[in-house]
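Quick look at run-v7.txt (compact mmCIF, C-alpha atoms):
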```
# COMPACT_ATOMS: atom_id res chain seq x y z
CA MET R 190 34.19 -26.17 -0.57
CA LYS R 191 36.14 -26.08 -3.87
CA ASN R 192 33.73 -23.70 -5.59
CA PHE R 193 36.16 -20.77 -5.76
CA LYS R 194 33.73 -18.71 -7.82
CA LEU R 195 31.20 -18.91 -4.99
CA HIS R 196 33.79 -17.93 -2.37
CA GLY R 197 34.84 -14.98 -4.53
CA ILE R 198 31.25 -13.77 -4.83
CA ILE R 199 30.76 -14.08 -1.07
CA ILE R 200 33.93 -12.10 -0.32
CA CYS R 201 32.82 -9.34 -2.71
CA LEU R 202 29.40 -9.14 -1.07
CA ILE R 203 30.96 -8.96 2.40
CA ILE R 204 33.33 -6.16 1.34
CA ILE R 205 30.50 -4.14 -0.25
CA ALA R 206 28.25 -4.63 2.80
CA GLU R 207 30.99 -3.58 5.23
CA LEU R 208 31.84 -0.53 3.13
CA ILE R 209 28.20 0.59 3.31
CA GLY R 210 28.39 0.20 7.08
CA VAL R 211 25.73 0.77 9.71
CA LYS R 212 23.03 3.23 8.67
CA ALA R 213 20.47 4.73 11.03
CA PHE R 214 17.54 7.00 10.28
CA SER R 215 14.47 8.26 12.08
CA LEU R 216 11.03 7.01 11.15
CA GLY R 217 8.24 8.67 13.07
CA PRO R 218 8.96 8.41 16.80
CA GLY R 219 11.37 5.52 16.27
CA LYS R 220 14.84 4.95 14.94
CA VAL R 221 15.68 2.27 12.36
CA VAL R 222 19.18 0.79 12.25
CA LEU R 223 20.37 -1.06 9.12
CA LEU R 224 23.34 -3.40 9.50
CA PRO R 225 25.75 -4.90 6.92
CA MET R 226 24.14 -8.33 7.34
CA LEU R 227 20.98 -6.97 5.73
CA TYR R 228 22.87 -5.52 2.75
CA ALA R 229 24.75 -8.79 2.20
CA LEU R 230 21.49 -10.77 2.16
CA ILE R 231 19.80 -8.41 -0.29
CA LEU R 232 22.85 -8.28 -2.57
CA GLY R 233 23.01 -12.07 -2.47
CA ILE R 234 19.39 -12.27 -3.63
CA PHE R 235 20.24 -10.08 -6.62
CA THR R 236 22.97 -12.52 -7.72
CA THR R 237 20.44 -15.32 -8.30
CA PRO R 238 18.42 -14.20 -11.40
CA THR R 239 19.47 -16.38 -14.32
CA PHE R 240 19.66 -13.53 -16.84
CA LEU R 241 22.46 -11.88 -14.82
CA LYS R 242 24.55 -15.07 -15.13
CA ILE R 243 26.30 -14.41 -11.81
CA THR R 244 25.33 -17.65 -10.07
CA ASN R 245 23.80 -20.89 -11.28
CA GLN R 246 21.88 -23.71 -9.66
CA LYS R 247 25.07 -25.52 -8.63
CA ASP R 248 26.38 -22.38 -6.91
CA MET R 249 23.16 -22.05 -4.92
CA GLU R 250 23.25 -25.72 -3.94
CA ASP R 251 26.88 -25.39 -2.85
CA ALA R 252 26.00 -22.30 -0.81
CA GLY R 253 23.17 -24.20 0.89
CA SER R 254 25.52 -27.03 1.83
CA LEU R 255 27.81 -24.57 3.62
CA ILE R 256 25.11 -23.28 5.96
CA GLY R 257 25.63 -26.08 8.47
CA LEU R 258 29.40 -25.53 8.53
CA THR R 259 29.17 -21.78 9.03
CA LEU R 260 26.55 -22.17 11.76
CA MET R 261 28.81 -24.67 13.51
CA LEU R 262 31.58 -22.06 13.61
CA LEU R 263 29.14 -19.46 14.90
CA MET R 264 27.92 -21.77 17.66
CA ALA R 265 31.52 -22.46 18.63
CA ARG R 266 32.05 -18.71 18.98
CA TYR R 267 28.92 -18.46 21.14
CA GLY R 268 30.42 -21.14 23.35
CA THR R 269 33.51 -19.02 23.97
CA LEU R 270 31.28 -16.25 25.36
CA VAL R 271 29.88 -18.35 28.19
CA GLY R 272 32.87 -18.23 30.55
CA PRO R 273 33.86 -14.55 30.28
CA THR R 274 30.27 -13.32 30.53
CA LEU R 275 29.13 -15.59 33.36
CA PRO R 276 29.54 -12.86 36.05
CA LYS R 277 27.36 -10.53 33.96
CA ILE R 278 24.68 -13.21 33.64
CA ILE R 279 24.63 -13.80 37.40
CA SER R 280 24.58 -10.09 38.22
CA ALA R 281 21.71 -9.46 35.80
CA GLY R 282 19.32 -11.13 38.21
CA PRO R 283 16.48 -13.66 37.83
CA ALA R 284 14.36 -11.32 35.71
CA LEU R 285 16.60 -11.85 32.69
CA LEU R 286 16.42 -15.61 33.17
CA LEU R 287 12.66 -15.73 33.57
CA GLN R 288 12.05 -13.53 30.52
CA GLU R 289 13.18 -16.44 28.35
CA PHE R 290 9.83 -18.11 29.02
CA GLY R 291 8.21 -15.23 27.17
CA ASN R 292 9.70 -16.58 23.95
CA LEU R 293 7.33 -19.53 24.20
CA GLY R 294 4.55 -17.16 23.21
CA THR R 295 5.65 -17.44 19.59
CA CYS R 296 4.72 -21.14 19.68
CA PHE R 297 1.09 -20.52 20.64
CA LEU R 298 0.57 -17.64 18.23
CA GLY R 299 2.83 -18.80 15.39
CA VAL R 300 1.55 -22.38 15.15
CA ALA R 301 -2.09 -21.29 15.06
CA VAL R 302 -1.46 -18.74 12.31
CA ALA R 303 0.77 -21.06 10.27
CA VAL R 304 -1.68 -23.96 10.29
CA PHE R 305 -4.55 -21.59 9.48
CA LEU R 306 -2.56 -20.34 6.46
CA GLY R 307 -2.12 -23.91 5.24
CA LEU R 308 1.47 -24.68 6.23
CA LYS R 309 2.21 -28.28 7.11
CA ARG R 310 5.50 -29.46 8.68
CA GLU R 311 7.00 -26.08 7.77
CA THR R 312 5.08 -24.83 10.80
CA ILE R 313 7.44 -26.61 13.20
CA GLY R 314 10.54 -24.93 11.84
CA ALA R 315 8.88 -21.56 11.41
CA ALA R 316 6.95 -21.21 14.67
CA HIS R 317 9.12 -22.78 17.38
CA SER R 318 11.20 -19.59 17.78
CA ILE R 319 12.13 -16.34 16.05
CA ALA R 320 14.48 -18.49 13.95
CA ARG R 321 17.88 -16.98 14.56
CA GLU R 322 21.17 -18.76 13.87
CA PRO R 323 21.09 -21.22 16.82
CA ASN R 324 17.54 -22.22 15.92
CA VAL R 325 18.48 -22.75 12.29
CA ALA R 326 21.30 -24.99 13.48
CA LEU R 327 18.90 -26.89 15.76
CA ILE R 328 16.36 -27.54 13.01
CA GLY R 329 19.16 -28.47 10.61
CA GLU R 330 20.53 -31.02 13.06
CA ARG R 331 17.12 -32.40 14.05
CA PHE R 332 15.28 -32.48 10.71
CA GLY R 333 17.72 -31.28 8.03
CA LEU R 334 17.44 -28.00 6.14
CA ASP R 335 16.27 -29.67 2.92
CA GLY R 336 12.97 -30.80 4.44
CA PRO R 337 9.79 -28.85 5.19
CA GLU R 338 10.95 -27.96 8.71
CA GLY R 339 14.16 -26.55 7.22
CA ARG R 340 12.20 -24.50 4.69
CA GLY R 341 10.07 -23.13 7.50
CA VAL R 342 12.95 -22.02 9.72
CA MET R 343 14.91 -20.55 6.79
CA GLY R 344 11.85 -18.65 5.59
CA VAL R 345 11.43 -17.00 8.98
CA TYR R 346 15.19 -16.46 9.29
CA ILE R 347 15.34 -14.57 5.99
CA SER R 348 12.15 -12.63 6.72
CA GLY R 349 13.50 -11.70 10.14
CA THR R 350 16.77 -10.51 8.66
CA VAL R 351 15.04 -8.33 6.07
CA PHE R 352 12.09 -7.01 8.10
CA GLY R 353 12.94 -7.83 11.73
CA THR R 354 15.32 -4.94 12.31
CA ILE R 355 12.81 -2.39 11.02
CA PHE R 356 9.95 -4.02 12.92
CA PHE R 357 11.83 -4.16 16.23
CA GLY R 358 12.96 -0.55 15.96
CA LEU R 359 9.42 0.66 15.38
CA MET R 360 7.82 -1.69 17.92
CA ALA R 361 10.17 -0.49 20.68
CA SER R 362 9.24 3.12 19.91
CA VAL R 363 5.52 2.38 19.92
CA PHE R 364 5.55 0.54 23.26
CA ALA R 365 7.81 3.17 24.82
CA GLY R 366 5.34 5.84 23.72
CA LEU R 367 2.49 3.99 25.46
CA ASN R 368 4.25 4.38 28.86
CA ILE R 369 3.01 0.95 29.98
CA PHE R 370 6.40 -0.73 30.56
CA HIS R 371 9.56 0.52 32.21
CA PRO R 372 12.34 1.29 29.69
CA TYR R 373 14.51 -1.40 31.30
CA ALA R 374 11.78 -3.99 30.66
CA LEU R 375 11.60 -2.93 27.02
CA ALA R 376 15.38 -3.17 26.71
CA MET R 377 15.29 -6.67 28.18
CA ALA R 378 12.50 -7.65 25.79
CA SER R 379 14.59 -6.51 22.83
CA GLY R 380 17.22 -9.19 23.49
CA VAL R 381 15.68 -12.11 21.61
CA GLY R 382 18.94 -13.57 20.31
CA SER R 383 19.43 -11.29 17.31
CA ALA R 384 22.13 -8.63 17.53
CA SER R 385 20.60 -6.60 14.70
CA MET R 386 17.08 -6.62 16.17
CA MET R 387 18.36 -5.82 19.66
CA THR R 388 20.49 -2.96 18.32
CA ALA R 389 17.54 -1.48 16.45
CA ALA R 390 15.22 -1.67 19.48
CA VAL R 391 17.78 -0.32 21.96
CA GLY R 392 18.69 2.42 19.48
CA SER R 393 15.08 3.54 19.37
CA LEU R 394 14.77 3.42 23.16
CA SER R 395 18.02 5.34 23.62
CA VAL R 396 16.68 8.15 21.44
CA MET R 397 13.54 8.36 23.58
CA TYR R 398 15.39 7.97 26.90
CA PRO R 399 18.85 9.49 26.30
CA GLN R 400 19.54 9.76 30.04
CA MET R 401 19.26 5.94 30.27
CA ALA R 402 21.16 5.09 27.08
CA ASP R 403 24.02 3.23 28.78
CA GLN R 404 21.74 1.25 31.08
CA LEU R 405 19.39 0.35 28.24
CA ALA R 406 22.30 -0.90 26.14
CA ALA R 407 23.56 -3.00 29.07
CA PHE R 408 20.17 -4.61 29.71
CA GLY R 409 19.59 -5.23 26.03
CA ALA R 410 23.02 -6.81 25.56
CA ALA R 411 22.68 -8.99 28.67
CA SER R 412 19.24 -10.16 27.60
CA ASN R 413 20.43 -10.86 24.06
CA MET R 414 23.41 -12.76 25.41
CA LEU R 415 21.16 -14.91 27.57
CA SER R 416 18.82 -15.60 24.67
CA GLY R 417 21.77 -16.73 22.59
CA LEU R 418 23.13 -18.95 25.35
CA ASP R 419 20.15 -20.51 27.11
CA GLY R 420 17.62 -19.88 24.35
CA ILE R 421 18.84 -22.93 22.44
CA TYR R 422 18.20 -25.15 25.47
CA MET R 423 14.77 -23.59 25.87
CA SER R 424 14.09 -24.53 22.25
CA ILE R 425 15.37 -28.09 22.63
CA TRP R 426 13.56 -28.96 25.86
CA LEU R 427 10.41 -26.83 25.72
CA ALA R 428 9.72 -24.85 22.55
CA LEU R 429 10.28 -27.57 19.94
CA PRO R 430 8.28 -30.30 21.74
CA LEU R 431 5.53 -27.77 22.49
CA THR R 432 5.43 -26.70 18.84
CA GLU R 433 5.10 -30.29 17.61
CA PHE R 434 2.30 -30.91 20.15
CA LEU R 435 0.43 -27.75 19.16
CA TYR R 436 0.92 -28.52 15.47
CA ARG R 437 -0.83 -31.87 15.86
CA LYS R 438 -3.68 -30.33 17.88
CA PHE R 439 -4.28 -27.44 15.47
CA CYS R 440 -4.18 -29.81 12.50
CA ILE R 441 -6.93 -31.84 14.14
CA LEU R 442 -8.95 -28.64 14.64
CA LYS R 443 -8.54 -27.62 11.00
CA TYR R 444 -8.58 -30.94 9.15
CA GLY R 445 -10.45 -33.13 11.63
CA HIS R 446 -7.58 -35.60 12.02
CA GLU R 447 -3.82 -35.82 12.37
CA LEU R 448 -2.12 -35.47 9.00
CA THR R 449 -0.41 -38.47 7.49
CA GLU R 450 3.11 -38.24 6.05
CA LYS R 451 1.61 -38.19 2.54
CA GLU R 452 -0.69 -35.31 3.44
CA GLU R 453 2.25 -33.44 4.92
CA GLY R 454 4.15 -33.80 1.67
CA LYS R 455 6.89 -36.09 2.96
```

What's the structure tokens form of this structure?
Amino acid sequence: MKNFKLHGIIICLIIIAELIGVKAFSLGPGKVVLLPMLYALILGIFTTPTFLKITNQKDMEDAGSLIGLTLMLLMARYGTLVGPTLPKIISAGPALLLQEFGNLGTCFLGVAVAVFLGLKRETIGAAHSIAREPNVALIGERFGLDGPEGRGVMGVYISGTVFGTIFFGLMASVFAGLNIFHPYALAMASGVGSASMMTAAVGSLSVMYPQMADQLAAFGAASNMLSGLDGIYMSIWLALPLTEFLYRKFCILKYGHELTEKEEGK
């Protein structure tokens, strides 16, 4: 907390990112939206090379120790949204509530791929969700961010921040072009708990269905709000236990037995 150099660097990165602002551009049939969060992350990466002498190992360790504190503040802010938005949640109907179960699909697909690629306990952090801020906080509280589970969730979190916005914007355009799902369903599916990903997907859909732009934004925001509010409970009670169960089963399929703590690198 007393590393004033680190705080100064962070403030500078925030100012630069906000000055760049939101940028949107067309890519094929879709629309890609770039948000300041992405710029801040990329600029932060460029402060780490040792030859630039901007940050050192202690600065990076201090920054890592602040993740839990900042996520706690973010979760507190999420909590303040529950009361005022409760009427919107109720009026959105059961479809928005039931769509949360679709997020469990990442467990089945993600765990299988991660174990096949050779990941060990990192699989649990990486594959139990799309690894947004509440999920990072959950893994940090349950396992700690310094362990393999923490490395897994942070790896997906960073990858999602860098590539997720672009991927969601393009994916929404592709599925809209297939004319399989109603635009409202696609807008609901875009609300996975990430404001940047939801904005990119809804932006693409709004370009393709301009007459529905307001309704698409409303469904996307409501879905995203629900994912942020009840998604954490879905992770605690269903996704995380399911991921640990699948991890053990897929390890048996690949290695012929459950891995010991030594084999998992603990």

>> Report as a PyMOL selection string all protein, DNA and RNA residues lying within 12 Å of Tyr422 (chain R), evaluated on all atoms listed in the file, omitting residues in the same chain fewer than 6 positions from it.
In response: chain R and resi 289-290+318+323-324+327+415-416+428-430

>> List as a VMD selection string the protein and nucleic acid residues near region 190-197 of chain R, meaning an atom at most 12 Å away when all atoms listed in the file are counted, but skip any in the same chain fewer than 3 places from it.
In response: chain R and resid 200 to 204 233 236 to 237 243 to 256 258 to 259

> Just how far from CA of Leu308 (chain R) is CA of Val381 (chain R), in Å to one decimal?
Replying inline: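 Interatomic distance here is 24.4 Å.
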
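Closest approach to Ala315 (chain R) among R:Glu433, R:Ile369, R:Met226, R:Phe240: R:Glu433, based on all atoms listed in the file.
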
Per-residue nearest contacts region 280-332 of chain R to region 439-447 of chain R, cut-off 8 Å, using all atoms listed in the file, as a Markdown table:
```
| residue | atom | partner | partner_atom | distance |
| --- | --- | --- | --- | --- |
| R:Val300 | CA | R:Phe439 | CA | 7.7 |
| R:Ala301 | CA | R:Phe439 | CA | 6.5 |
| R:Val304 | CA | R:Cys440 | CA | 6.7 |
| R:Phe305 | CA | R:Lys443 | CA | 7.4 |
```

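Note that the spacing between CA of Leu431 (chain R) and CA of Ala326 (chain R) amounts to 18.4 Å.
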
>> With distances taken over only C-alpha atoms, which residue among R:Lys212, R:Lys438, R:Arg340, R:Lys242 lies nearest Leu227 (chain R)?
In response: R:Lys212

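Note that CA of Gly307 (chain R) and CA of Ile425 (chain R) are 25.0 Å apart.
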
Grab all the atoms of region 417-426 of chain R that the file lists, wrap them in a box along x, y and z, add 5 Å per side, and give me centre plus edge lengths in Å (one decimal) as JSON.
```
{"center_x": 18.3, "center_y": -22.8, "center_z": 24.7, "size_x": 19.6, "size_y": 22.2, "size_z": 14.9}
```

> Residues at most 7 Å from region 401-407 of chain R, counting all atoms listed in the file, excluding those fewer than 3 positions away in the same chain, as a PyMOL selection string?
Replying inline: chain R and resi 373+376+391+395+398+410-411

>> I'd like the contact shell of Met387 (chain R) - 9 Å cut-off, only C-alpha atoms, skipping same-chain residues fewer than 5 positions apart - returned as an NGL selection string.
In response: :R and (354 or 357-358 or 376 or 378-382 or 392 or 409-410 or 413)

>> So, with all atoms listed in the file as the atoms that count, which of R:Ala213, R:Leu394, R:Leu208, R:Leu293 lies closest to Leu427 (chain R)?
In response: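 Closest residue, counting all atoms listed in the file: R:Leu293.
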
>> Under the rule that only C-alpha atoms are counted, which of R:Thr350, R:Ser362, R:Thr449, R:Asn292 is the nearest residue to Ala316 (chain R)?
In response: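 Of the candidates, the smallest distance to Ala316 (chain R) is held by R:Asn292.
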
> Which of these, R:Met414, R:Leu223, R:Val342, R:Ile328, has the shortest distance to Glu207 (chain R) once you count all atoms listed in the file?
Replying inline: R:Leu223
